[in-house]
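Colleague: Mind looking over this structure? Questions follow.
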Amino acid sequence: MNEKQARAIVYERSNGICEVMVPGVCRGRATNYQHRKNRSQCSRGERWMPENGLHVCGSGTTGCHGWIHAHPEKAYANGWMVKAALDPRQVPVRYRGQARPQMLESDGTVRPATNGELINLLALGMGVQL
């Protein structure tokens with residue numbers, strides 16, 4: 001998938017609303033594309049897959065986008081950032097404050113993580129927190 005296609009899917013999924021929604025920080029309207037796994041750490045195929053992107057408010061220093069970069073450990077724990085060794089397709093994300101972590105799909109849909117996916121998350125030493 002190329003950049004234009006991935007961005008189109010992520011932007012449609014978000015419907016222009018921030019996909020992170022950090023309480024007390026979120027500005028509501030999504031304006032920036034956040035790579036969950038840093039571009040420099042992605043394989044060629046991972047860089048522009050919809051599961052690796054989030055449409056967020058703010059810039060790299062403001063709103064939820066800025067919060068993610070200022071609080072990396074919490075961002076990793078919530079799936080808003082993904083460590084280099086992991087596959088973004090297998091890392092659940094705290095989506096818009098929902099209690100149950102969600103999985104981002106390649107077609108732009110979002111679904112609740114299964115119990116098995118959550119067990120894998122805990123086995124990696126990750127847990128959802130804010």
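Convention: chains lettered A, B, ... in structure tokens order; per-chain residue numbering from 1; ligands numbered from 1 as shown.
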Residues of range 92-124 of chain A in strand (DSSP E) according to DSSP, as a VMD selection string?

Modeller: chain A and resid 102 to 104 110 to 112

Colleague: Since we have the selection now, will you write its residues out, keeping N, CA and C atoms, as an mmCIF file, in the first residue's frame?

Modeller:
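Below is the file that was written, selection_29.cif:
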data_model
loop_
_atom_site.group_PDB
_atom_site.id
_atom_site.type_symbol
_atom_site.label_atom_id
_atom_site.label_comp_id
_atom_site.auth_asym_id
_atom_site.auth_seq_id
_atom_site.Cartn_x
_atom_site.Cartn_y
_atom_site.Cartn_z
ATOM 1 N N GLN A 102 -8.670 -1.867 21.260
ATOM 2 C CA GLN A 102 -9.206 -2.147 19.939
ATOM 3 C C GLN A 102 -8.086 -2.549 18.976
ATOM 4 N N MET A 103 -8.459 -3.265 17.941
ATOM 5 C CA MET A 103 -7.524 -3.623 16.876
ATOM 6 C C MET A 103 -7.870 -2.788 15.646
ATOM 7 N N LEU A 104 -6.856 -2.200 15.043
ATOM 8 C CA LEU A 104 -7.037 -1.446 13.807
ATOM 9 C C LEU A 104 -6.853 -2.416 12.655
ATOM 10 N N VAL A 110 -12.366 -0.818 12.933
ATOM 11 C CA VAL A 110 -11.831 -0.964 14.290
ATOM 12 C C VAL A 110 -12.708 -2.005 14.976
ATOM 13 N N ARG A 111 -12.071 -2.943 15.682
ATOM 14 C CA ARG A 111 -12.833 -3.970 16.392
ATOM 15 C C ARG A 111 -12.209 -4.220 17.754
ATOM 16 N N PRO A 112 -13.009 -4.693 18.719
ATOM 17 C CA PRO A 112 -12.458 -5.003 20.040
ATOM 18 C C PRO A 112 -11.398 -6.100 19.936
#

Colleague: Considering only C-alpha atoms, return as a ChimeraX atom specification whatever protein or nucleic-acid residues lie within 8 Å of range 117-119 of chain A, sequence-local ones (same chain, fewer than 3 positions apart) excluded.

Modeller: /A:90-92,101,113-114,122-123

Colleague: With C-alpha atoms retained, write the just-selected residues as an mmCIF file, in the first residue's frame.

Modeller:
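Final output, part.cif:
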data_model
loop_
_atom_site.group_PDB
_atom_site.id
_atom_site.type_symbol
_atom_site.label_atom_id
_atom_site.label_comp_id
_atom_site.auth_asym_id
_atom_site.auth_seq_id
_atom_site.Cartn_x
_atom_site.Cartn_y
_atom_site.Cartn_z
ATOM 1 C CA GLN A 90 -0.726 -7.300 16.514
ATOM 2 C CA VAL A 91 -0.703 -4.433 19.019
ATOM 3 C CA PRO A 92 -4.102 -3.291 20.344
ATOM 4 C CA PRO A 101 -8.403 -2.099 23.633
ATOM 5 C CA ALA A 113 -9.305 -6.997 20.752
ATOM 6 C CA THR A 114 -9.970 -10.660 21.494
ATOM 7 C CA LEU A 122 0.206 -8.741 28.630
ATOM 8 C CA ALA A 123 2.854 -11.356 27.759
#

Colleague: Where does range 76-124 of chain A meet range 5-26 of chain A within 8 Å, residue by residue, with the nearest atom pair and distance in Å to one decimal for each, counting only C-alpha atoms, listed by chain and rising number, as a tab-separated table?

Modeller:
residue	atom	partner	partner_atom	distance
A:Trp80	CA	A:Val20	CA	7.5
A:Arg94	CA	A:Val20	CA	7.2
A:Tyr95	CA	A:Val20	CA	5.7
A:Arg96	CA	A:Val20	CA	4.9
A:Gly97	CA	A:Met21	CA	6.3
A:Asp107	CA	A:Ile9	CA	7.1
A:Gly108	CA	A:Arg13	CA	5.4
A:Thr109	CA	A:Arg13	CA	6.6

Colleague: Could you tell me how far CA of Met1 in chain A lies from CA of Arg44 in chain A, in Å and to one decimal?

Modeller: 9.7 Å

Colleague: Between A:Gly53, A:Asn120, A:Asn38, A:Gly63, which residue has the minimum interatomic distance to Ser106 in chain A, considering only C-alpha atoms?

Modeller: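 The shortest atom-to-atom distance to Ser106 in chain A comes from A:Gly53.
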
Colleague: Restricting the calculation to only C-alpha atoms, which member of A:Val93, A:Ala70, A:Ala77, A:Val82 is positioned closest to His35 in chain A?

Modeller: A:Val82

Colleague: Within 9 Å of Glu46 in chain A, counting only C-alpha atoms, which residues qualify if same-chain residues fewer than 5 places away don't, as number ranges by chain?

Modeller: A: 37, 39, 51-52, 87-89

Colleague: By how many Å are CA of Gly58 in chain A and CA of Leu121 in chain A apart?

Modeller: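 If I compute the distance from CA of Gly58 in chain A to CA of Leu121 in chain A, I get 27.8 Å.
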
Colleague: Looking at only C-alpha atoms, which of A:Ala84, A:Leu54, A:Cys64, A:Ala75 is the one that sits closest to Glu105 in chain A?

Modeller: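 Smallest separation from Glu105 in chain A among the options: A:Leu54.
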
Colleague: Hey, can you check how far CA of Glu73 in chain A sits from CA of Lys4 in chain A?

Modeller: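 Atom-to-atom, CA of Glu73 in chain A to CA of Lys4 in chain A, that is 29.5 Å.
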
Colleague: Let me make sure I understand: among A:Pro72, A:Asn2, A:Gln34, A:Gly28, which one has the smallest atom-to-atom distance to Ser59 in chain A if we use only C-alpha atoms?

Modeller: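 Of the candidates, the smallest distance to Ser59 in chain A is held by A:Gln34.
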
Colleague: From the DSSP assignment of the backbone, select every residue of range 12-126 of chain A that is helix (DSSP H, G or I), and format the answer as an MDAnalysis selection string.

Modeller: chainID A and resid 12:14 39:41 44:47 50:52 63:70 72:77 88:90 115:123

Colleague: Find the residue from A:Cys57, A:Glu3, A:Trp48, A:Arg100 that sits nearest to Arg29 in chain A; use only C-alpha atoms when measuring.

Modeller: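 Closest candidate: A:Cys57.
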